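target11.pdb (PDB, N, CA and C atoms)
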```pdb
ATOM      1  N   MET A  46      84.930  49.418  72.293
ATOM      2  CA  MET A  46      85.338  49.297  70.924
ATOM      3  C   MET A  46      85.854  50.662  70.477
ATOM      4  N   SER A  47      87.004  50.666  69.918
ATOM      5  CA  SER A  47      87.596  51.922  69.479
ATOM      6  C   SER A  47      87.136  52.253  68.075
ATOM      7  N   ARG A  48      87.367  53.448  67.725
ATOM      8  CA  ARG A  48      86.947  53.941  66.415
ATOM      9  C   ARG A  48      87.669  53.212  65.283
ATOM     10  N   SER A  49      88.933  52.858  65.464
ATOM     11  CA  SER A  49      89.681  52.199  64.400
ATOM     12  C   SER A  49      89.175  50.761  64.166
ATOM     13  N   GLU A  50      88.753  50.100  65.258
ATOM     14  CA  GLU A  50      88.221  48.754  65.084
ATOM     15  C   GLU A  50      86.896  48.798  64.320
ATOM     16  N   HIS A  51      86.095  49.800  64.623
ATOM     17  CA  HIS A  51      84.797  49.917  63.967
ATOM     18  C   HIS A  51      84.960  50.250  62.482
ATOM     19  N   ALA A  52      85.948  51.007  62.165
ATOM     20  CA  ALA A  52      86.147  51.416  60.777
ATOM     21  C   ALA A  52      86.649  50.271  59.916
ATOM     22  N   THR A  53      87.352  49.332  60.495
ATOM     23  CA  THR A  53      87.891  48.242  59.684
ATOM     24  C   THR A  53      86.903  47.106  59.483
ATOM     25  N   ARG A  54      85.860  47.084  60.260
ATOM     26  CA  ARG A  54      84.868  46.032  60.075
ATOM     27  C   ARG A  54      84.034  46.311  58.826
ATOM     28  N   THR A  55      83.801  45.271  58.085
ATOM     29  CA  THR A  55      82.932  45.398  56.916
ATOM     30  C   THR A  55      81.875  44.306  57.002
ATOM     31  N   ALA A  56      80.843  44.502  56.277
ATOM     32  CA  ALA A  56      79.775  43.508  56.247
ATOM     33  C   ALA A  56      80.306  42.253  55.561
ATOM     34  N   PRO A  57      79.852  41.105  56.017
ATOM     35  CA  PRO A  57      80.327  39.874  55.373
ATOM     36  C   PRO A  57      79.903  39.841  53.906
ATOM     37  N   ALA A  58      80.799  39.421  53.086
ATOM     38  CA  ALA A  58      80.525  39.356  51.643
ATOM     39  C   ALA A  58      79.864  38.014  51.338
ATOM     40  N   TYR A  59      78.688  38.067  50.781
ATOM     41  CA  TYR A  59      77.974  36.862  50.381
ATOM     42  C   TYR A  59      78.015  36.760  48.869
ATOM     43  N   ALA A  60      78.536  35.684  48.399
ATOM     44  CA  ALA A  60      78.546  35.451  46.960
ATOM     45  C   ALA A  60      77.269  34.706  46.596
ATOM     46  N   PRO A  61      76.672  35.063  45.486
ATOM     47  CA  PRO A  61      75.482  34.313  45.076
ATOM     48  C   PRO A  61      75.880  32.880  44.754
ATOM     49  N   PRO A  62      74.981  31.953  44.998
ATOM     50  CA  PRO A  62      75.322  30.561  44.708
ATOM     51  C   PRO A  62      75.573  30.379  43.213
ATOM     52  N   PRO A  63      76.490  29.519  42.866
ATOM     53  CA  PRO A  63      76.760  29.312  41.442
ATOM     54  C   PRO A  63      75.533  28.715  40.760
ATOM     55  N   THR A  64      75.233  29.224  39.594
ATOM     56  CA  THR A  64      74.071  28.721  38.872
ATOM     57  C   THR A  64      74.436  27.409  38.199
ATOM     58  N   GLN A  65      73.577  26.439  38.360
ATOM     59  CA  GLN A  65      73.807  25.159  37.722
ATOM     60  C   GLN A  65      73.132  25.173  36.362
ATOM     61  N   ARG A  66      73.820  24.639  35.400
ATOM     62  CA  ARG A  66      73.273  24.577  34.049
ATOM     63  C   ARG A  66      72.365  23.369  33.907
ATOM     64  N   THR A  67      71.377  23.516  33.059
ATOM     65  CA  THR A  67      70.522  22.387  32.724
ATOM     66  C   THR A  67      71.169  21.631  31.579
ATOM     67  N   ASN A  68      71.202  20.336  31.697
ATOM     68  CA  ASN A  68      71.830  19.497  30.688
ATOM     69  C   ASN A  68      71.096  19.646  29.364
ATOM     70  N   ARG A  69      71.830  19.968  28.317
ATOM     71  CA  ARG A  69      71.206  20.202  27.008
ATOM     72  C   ARG A  69      70.705  18.918  26.367
ATOM     73  N   MET A  70      71.369  17.814  26.661
ATOM     74  CA  MET A  70      70.879  16.537  26.118
ATOM     75  C   MET A  70      69.508  16.201  26.686
ATOM     76  N   ALA A  71      69.254  16.563  27.936
ATOM     77  CA  ALA A  71      67.949  16.310  28.534
ATOM     78  C   ALA A  71      66.876  17.153  27.844
ATOM     79  N   ILE A  72      67.220  18.391  27.517
ATOM     80  CA  ILE A  72      66.273  19.268  26.808
ATOM     81  C   ILE A  72      65.960  18.695  25.435
ATOM     82  N   TRP A  73      66.997  18.315  24.697
ATOM     83  CA  TRP A  73      66.799  17.765  23.352
ATOM     84  C   TRP A  73      66.073  16.428  23.394
ATOM     85  N   SER A  74      66.270  15.681  24.452
ATOM     86  CA  SER A  74      65.556  14.417  24.605
ATOM     87  C   SER A  74      64.056  14.652  24.622
ATOM     88  N   LEU A  75      63.627  15.630  25.405
ATOM     89  CA  LEU A  75      62.196  15.929  25.490
ATOM     90  C   LEU A  75      61.675  16.513  24.180
ATOM     91  N   VAL A  76      62.438  17.403  23.568
ATOM     92  CA  VAL A  76      62.003  18.032  22.315
ATOM     93  C   VAL A  76      61.842  16.985  21.217
ATOM     94  N   LEU A  77      62.844  16.132  21.040
ATOM     95  CA  LEU A  77      62.765  15.126  19.986
ATOM     96  C   LEU A  77      61.699  14.079  20.266
ATOM     97  N   SER A  78      61.429  13.810  21.522
ATOM     98  CA  SER A  78      60.374  12.850  21.844
ATOM     99  C   SER A  78      59.003  13.392  21.489
ATOM    100  N   ILE A  79      58.820  14.689  21.648
ATOM    101  CA  ILE A  79      57.531  15.308  21.312
ATOM    102  C   ILE A  79      57.363  15.391  19.798
ATOM    103  N   VAL A  80      58.408  15.824  19.102
ATOM    104  CA  VAL A  80      58.378  15.911  17.645
ATOM    105  C   VAL A  80      58.891  14.568  17.132
ATOM    106  N   TRP A  81      58.002  13.607  16.994
ATOM    107  CA  TRP A  81      58.433  12.224  16.839
ATOM    108  C   TRP A  81      58.966  11.873  15.473
ATOM    109  N   LEU A  82      58.754  12.653  14.421
ATOM    110  CA  LEU A  82      59.346  12.447  13.094
ATOM    111  C   LEU A  82      59.204  11.001  12.613
ATOM    112  N   ALA A  83      57.991  10.523  12.590
ATOM    113  CA  ALA A  83      57.655   9.170  12.134
ATOM    114  C   ALA A  83      58.308   8.080  12.971
ATOM    115  N   GLY A  84      58.604   8.372  14.218
ATOM    116  CA  GLY A  84      59.185   7.396  15.115
ATOM    117  C   GLY A  84      60.672   7.588  15.355
ATOM    118  N   LEU A  85      61.367   8.245  14.438
ATOM    119  CA  LEU A  85      62.812   8.429  14.596
ATOM    120  C   LEU A  85      63.139   9.406  15.721
ATOM    121  N   GLY A  86      62.336  10.437  15.877
ATOM    122  CA  GLY A  86      62.543  11.386  16.970
ATOM    123  C   GLY A  86      62.335  10.730  18.321
ATOM    124  N   SER A  87      61.404   9.792  18.374
ATOM    125  CA  SER A  87      61.155   9.075  19.618
ATOM    126  C   SER A  87      62.374   8.256  20.037
ATOM    127  N   VAL A  88      62.951   7.550  19.078
ATOM    128  CA  VAL A  88      64.137   6.738  19.368
ATOM    129  C   VAL A  88      65.296   7.638  19.791
ATOM    130  N   ALA A  89      65.490   8.747  19.065
ATOM    131  CA  ALA A  89      66.561   9.682  19.426
ATOM    132  C   ALA A  89      66.324  10.287  20.805
ATOM    133  N   GLY A  90      65.066  10.587  21.127
ATOM    134  CA  GLY A  90      64.733  11.135  22.438
ATOM    135  C   GLY A  90      65.021  10.158  23.563
ATOM    136  N   ILE A  91      64.726   8.878  23.328
ATOM    137  CA  ILE A  91      65.000   7.863  24.342
ATOM    138  C   ILE A  91      66.503   7.720  24.557
ATOM    139  N   VAL A  92      67.254   7.648  23.463
ATOM    140  CA  VAL A  92      68.707   7.488  23.562
ATOM    141  C   VAL A  92      69.338   8.696  24.254
ATOM    142  N   LEU A  93      68.921   9.898  23.861
ATOM    143  CA  LEU A  93      69.465  11.098  24.493
ATOM    144  C   LEU A  93      69.068  11.185  25.968
ATOM    145  N   GLY A  94      67.861  10.762  26.300
ATOM    146  CA  GLY A  94      67.413  10.789  27.691
ATOM    147  C   GLY A  94      68.236   9.875  28.583
ATOM    148  N   VAL A  95      68.516   8.676  28.089
ATOM    149  CA  VAL A  95      69.337   7.736  28.861
ATOM    150  C   VAL A  95      70.750   8.280  29.012
ATOM    151  N   SER A  96      71.298   8.814  27.930
ATOM    152  CA  SER A  96      72.645   9.380  27.978
ATOM    153  C   SER A  96      72.706  10.596  28.908
ATOM    154  N   ALA A  97      71.668  11.425  28.872
ATOM    155  CA  ALA A  97      71.628  12.605  29.742
ATOM    156  C   ALA A  97      71.546  12.199  31.209
ATOM    157  N   ARG A  98      70.778  11.157  31.521
ATOM    158  CA  ARG A  98      70.698  10.705  32.920
ATOM    159  C   ARG A  98      72.053  10.243  33.429
ATOM    160  N   ARG A  99      72.798   9.544  32.588
ATOM    161  CA  ARG A  99      74.137   9.106  32.995
ATOM    162  C   ARG A  99      75.057  10.296  33.219
ATOM    163  N   ARG A 100      75.010  11.266  32.306
ATOM    164  CA  ARG A 100      75.883  12.433  32.438
ATOM    165  C   ARG A 100      75.495  13.281  33.646
ATOM    166  N   ILE A 101      74.203  13.439  33.892
ATOM    167  CA  ILE A 101      73.731  14.228  35.034
ATOM    168  C   ILE A 101      74.178  13.583  36.343
ATOM    169  N   ALA A 102      74.131  12.265  36.405
ATOM    170  CA  ALA A 102      74.566  11.579  37.616
ATOM    171  C   ALA A 102      76.046  11.824  37.892
ATOM    172  N   GLY A 103      76.832  11.969  36.829
ATOM    173  CA  GLY A 103      78.263  12.187  36.999
ATOM    174  C   GLY A 103      78.649  13.630  37.261
ATOM    175  N   THR A 104      77.953  14.565  36.618
ATOM    176  CA  THR A 104      78.347  15.976  36.710
ATOM    177  C   THR A 104      77.532  16.768  37.717
ATOM    178  N   GLY A 105      76.357  16.300  38.078
ATOM    179  CA  GLY A 105      75.514  17.040  39.004
ATOM    180  C   GLY A 105      74.744  18.173  38.357
ATOM    181  N   GLU A 106      74.665  18.186  37.030
ATOM    182  CA  GLU A 106      73.889  19.215  36.346
ATOM    183  C   GLU A 106      72.404  19.025  36.652
ATOM    184  N   ARG A 107      71.655  20.049  36.309
ATOM    185  CA  ARG A 107      70.209  19.967  36.439
ATOM    186  C   ARG A 107      69.635  19.290  35.201
ATOM    187  N   GLY A 108      68.389  18.827  35.289
ATOM    188  CA  GLY A 108      67.706  18.289  34.129
ATOM    189  C   GLY A 108      67.355  16.820  34.229
ATOM    190  N   ALA A 109      67.482  16.240  35.411
ATOM    191  CA  ALA A 109      67.139  14.822  35.561
ATOM    192  C   ALA A 109      65.657  14.591  35.255
ATOM    193  N   GLY A 110      64.804  15.498  35.682
ATOM    194  CA  GLY A 110      63.373  15.370  35.401
ATOM    195  C   GLY A 110      63.069  15.492  33.919
ATOM    196  N   LEU A 111      63.786  16.391  33.241
ATOM    197  CA  LEU A 111      63.610  16.520  31.793
ATOM    198  C   LEU A 111      64.034  15.249  31.080
ATOM    199  N   ALA A 112      65.117  14.655  31.534
ATOM    200  CA  ALA A 112      65.584  13.419  30.911
ATOM    201  C   ALA A 112      64.567  12.297  31.103
ATOM    202  N   ILE A 113      64.010  12.191  32.304
ATOM    203  CA  ILE A 113      62.987  11.164  32.559
ATOM    204  C   ILE A 113      61.752  11.429  31.707
ATOM    205  N   ALA A 114      61.356  12.694  31.602
ATOM    206  CA  ALA A 114      60.203  13.040  30.769
ATOM    207  C   ALA A 114      60.484  12.722  29.303
ATOM    208  N   GLY A 115      61.696  12.986  28.843
ATOM    209  CA  GLY A 115      62.062  12.669  27.464
ATOM    210  C   GLY A 115      61.996  11.180  27.182
ATOM    211  N   ILE A 116      62.459  10.380  28.135
ATOM    212  CA  ILE A 116      62.403   8.921  27.973
ATOM    213  C   ILE A 116      60.947   8.452  27.961
ATOM    214  N   THR A 117      60.151   8.957  28.895
ATOM    215  CA  THR A 117      58.754   8.534  29.002
ATOM    216  C   THR A 117      57.955   8.929  27.767
ATOM    217  N   VAL A 118      58.071  10.189  27.362
ATOM    218  CA  VAL A 118      57.339  10.651  26.181
ATOM    219  C   VAL A 118      57.855   9.933  24.936
ATOM    220  N   GLY A 119      59.152   9.676  24.885
ATOM    221  CA  GLY A 119      59.724   8.954  23.751
ATOM    222  C   GLY A 119      59.166   7.551  23.614
ATOM    223  N   VAL A 120      59.030   6.852  24.730
ATOM    224  CA  VAL A 120      58.469   5.495  24.690
ATOM    225  C   VAL A 120      57.008   5.551  24.248
ATOM    226  N   LEU A 121      56.244   6.494  24.803
ATOM    227  CA  LEU A 121      54.830   6.599  24.428
ATOM    228  C   LEU A 121      54.657   6.940  22.954
ATOM    229  N   THR A 122      55.417   7.918  22.459
ATOM    230  CA  THR A 122      55.282   8.300  21.052
ATOM    231  C   THR A 122      55.828   7.220  20.128
ATOM    232  N   LEU A 123      56.810   6.442  20.588
ATOM    233  CA  LEU A 123      57.292   5.320  19.777
ATOM    234  C   LEU A 123      56.210   4.253  19.648
ATOM    235  N   LEU A 124      55.505   3.978  20.731
ATOM    236  CA  LEU A 124      54.395   3.017  20.656
ATOM    237  C   LEU A 124      53.294   3.516  19.721
ATOM    238  N   ILE A 125      53.011   4.810  19.781
ATOM    239  CA  ILE A 125      52.005   5.388  18.872
ATOM    240  C   ILE A 125      52.484   5.288  17.433
ATOM    241  N   ALA A 126      53.766   5.562  17.187
ATOM    242  CA  ALA A 126      54.310   5.483  15.833
ATOM    243  C   ALA A 126      54.253   4.051  15.306
ATOM    244  N   ILE A 127      54.571   3.074  16.150
ATOM    245  CA  ILE A 127      54.510   1.677  15.721
ATOM    246  C   ILE A 127      53.068   1.301  15.372
ATOM    247  N   ALA A 128      52.125   1.697  16.204
ATOM    248  CA  ALA A 128      50.711   1.415  15.921
ATOM    249  C   ALA A 128      50.257   2.110  14.637
ATOM    250  N   TYR A 129      50.708   3.337  14.435
ATOM    251  CA  TYR A 129      50.344   4.090  13.225
ATOM    252  C   TYR A 129      50.879   3.396  11.975
ATOM    253  N   TRP A 130      52.157   3.030  12.004
ATOM    254  CA  TRP A 130      52.750   2.404  10.820
ATOM    255  C   TRP A 130      52.174   1.012  10.570
ATOM    256  N   ALA A 131      51.805   0.309  11.619
ATOM    257  CA  ALA A 131      51.151  -0.987  11.448
ATOM    258  C   ALA A 131      49.776  -0.806  10.802
ATOM    259  N   PHE A 132      49.053   0.216  11.230
ATOM    260  CA  PHE A 132      47.740   0.516  10.651
ATOM    261  C   PHE A 132      47.885   0.874   9.171
ATOM    262  N   VAL A 133      48.864   1.710   8.853
ATOM    263  CA  VAL A 133      49.081   2.106   7.460
ATOM    264  C   VAL A 133      49.467   0.895   6.612
ATOM    265  N   ALA A 134      50.319   0.042   7.128
ATOM    266  CA  ALA A 134      50.756  -1.131   6.371
ATOM    267  C   ALA A 134      49.600  -2.096   6.118
ATOM    268  N   MET A 135      48.700  -2.224   7.079
ATOM    269  CA  MET A 135      47.576  -3.142   6.917
ATOM    270  C   MET A 135      46.550  -2.617   5.925
ATOM    271  N   HIS A 136      46.408  -1.309   5.825
ATOM    272  CA  HIS A 136      45.360  -0.744   4.991
ATOM    273  C   HIS A 136      45.856  -0.187   3.661
ATOM    274  N   ALA A 137      47.112  -0.163   3.417
ATOM    275  CA  ALA A 137      47.619   0.410   2.172
ATOM    276  C   ALA A 137      47.592  -0.597   1.036
ATOM    277  N   GLY A 138      47.673  -1.867   1.296
ATOM    278  CA  GLY A 138      47.771  -2.866   0.238
ATOM    279  C   GLY A 138      46.464  -3.211  -0.431
ATOM    280  N   GLY A 139      45.340  -3.095   0.216
ATOM    281  CA  GLY A 139      44.079  -3.556  -0.348
ATOM    282  C   GLY A 139      43.237  -2.471  -0.970
ATOM    283  N   ALA A 140      43.800  -1.403  -1.451
ATOM    284  CA  ALA A 140      43.013  -0.285  -1.956
ATOM    285  C   ALA A 140      42.600  -0.452  -3.416
ATOM    286  N   SER A 141      43.158  -1.407  -4.172
ATOM    287  CA  SER A 141      42.877  -1.484  -5.603
ATOM    288  C   SER A 141      41.595  -2.240  -5.917
ATOM    289  N   GLY A 142      41.081  -3.052  -5.017
ATOM    290  CA  GLY A 142      39.810  -3.727  -5.247
ATOM    291  C   GLY A 142      39.944  -5.045  -5.982
ATOM    292  N   GLY A 143      41.005  -5.758  -5.834
ATOM    293  CA  GLY A 143      41.101  -7.085  -6.418
ATOM    294  C   GLY A 143      42.032  -7.169  -7.615
ATOM    295  N   GLY A 144      42.442  -6.107  -8.175
ATOM    296  CA  GLY A 144      43.418  -6.130  -9.250
ATOM    297  C   GLY A 144      42.851  -6.379 -10.630
ATOM    298  N   THR A 145      41.512  -6.481 -10.810
ATOM    299  CA  THR A 145      40.940  -6.743 -12.122
ATOM    300  C   THR A 145      40.831  -5.475 -12.952
ATOM    301  N   GLY A 146      41.000  -4.348 -12.331
ATOM    302  CA  GLY A 146      40.912  -3.097 -13.087
ATOM    303  C   GLY A 146      39.494  -2.601 -13.270
ATOM    304  N   GLY A 147      38.563  -3.209 -12.620
ATOM    305  CA  GLY A 147      37.172  -2.761 -12.726
ATOM    306  C   GLY A 147      36.478  -3.397 -13.928
ATOM    307  N   GLY A 148      35.434  -2.776 -14.419
ATOM    308  CA  GLY A 148      34.727  -3.278 -15.597
ATOM    309  C   GLY A 148      33.596  -4.224 -15.273
ATOM    310  N   GLY A 149      33.431  -4.589 -14.008
ATOM    311  CA  GLY A 149      32.295  -5.411 -13.627
ATOM    312  C   GLY A 149      32.422  -6.868 -13.989
ATOM    313  N   GLY A 150      33.511  -7.322 -14.555
ATOM    314  CA  GLY A 150      33.688  -8.736 -14.868
ATOM    315  C   GLY A 150      33.032  -9.158 -16.184
ATOM    316  N   TYR A 151      32.681  -8.249 -17.050
ATOM    317  CA  TYR A 151      32.016  -8.576 -18.278
ATOM    318  C   TYR A 151      32.991  -8.760 -19.448
ATOM    319  N   GLY A 152      34.265  -8.701 -19.180
ATOM    320  CA  GLY A 152      35.233  -8.943 -20.229
ATOM    321  C   GLY A 152      35.562  -7.724 -21.078
ATOM    322  N   TYR A 153      35.190  -6.576 -20.709
ATOM    323  CA  TYR A 153      35.472  -5.375 -21.498
ATOM    324  C   TYR A 153      36.888  -4.974 -21.367
TER
END
```
Using C-alpha cells, write down the structure that the file contains.
Amino acid sequence: MSRSEHATRTAPAYAPPPTQRTNRMAIWSLVLSIVWLAGLGSVAGIVLGVSARRRIAGTGERGAGLAIAGITVGVLTLLIAIAYWAFVAMHAGGASGGGTGGGGGYGY
C-alpha cells in the first residue's frame, strides 16, 4: 500500500438514524382520556386514539402503544363517567322529602 492510497482513505461516515416522531394525536388521546371532563374527554380520547392508530399505520410514526392506551383508558373512564352520572341522576331527584315543605303534616 502506498502512502497516497493510505492518505485518501477515510473512516466510513455513519449517519445517525433518523429520529421518528411520536404521533401527537396519540399523546392527546391518552391525556384527554385521563382528564375525563365529565365524560367528554373520554369520548375525545377514544376518537383521537382510533384516528391516531390509522395515521400511525399509514405514516409509520411512533405512538401506537399510546394510542391503544388512550383508547383503553378512554373506554374505562367513559364507563366510570356513565356510572357516575347515573348515580347522580338517581339520587338528585328525591332530596326534598316528599314536596310537602315539612311542618309534620299538622297543617301549619
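The gap separating CA of Ile91 in chain A from CA of Thr117 in chain A is 7.8 Å, in Å to one decimal.
Using only N, CA and C atoms, the contacts of range 118-134 of chain A at a cut-off of 6 Å, with sequence neighbours closer than 6 positions omitted, comprise Ser78, Ile79, Ala83, Gly84, Ser87, Val88, Gly90 and Ile91 of chain A.
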Gap from CA of Gln65 in chain A to CA of Ala114 in chain A - Å, one decimal: 19.5 Å
Residue nearest Val95 in chain A among A:Leu77, A:Arg66, A:Gly108, A:Ala71 (counting only C-alpha atoms): A:Ala71
Residues matched by the PyMOL selection byres ((chain A and resi 94) around 6) as JSON, numbers by chain: {"A": [70, 71, 74, 89, 90, 91, 92, 93, 95, 96, 97, 98, 112, 113, 115, 116]}
Which of range 71-144 of chain A DSSP labels alpha helix (DSSP H), written as a PyMOL selection string: chain A and resi 71-79+85-104+109-137
Six-sided padding of 5 Å per side, axis-aligned box over range 74-79 of chain A, centre and edges in Å, one decimal, as AutoDock Vina command-line options:
```
--center_x 61.8 --center_y 15.4 --center_z 22.6 --size_x 18.9 --size_y 15.2 --size_z 15.7
```
Atomic distance CA of Arg69 in chain A - atom C of Leu111 in chain A, expressed in Å with one decimal: 9.6 Å
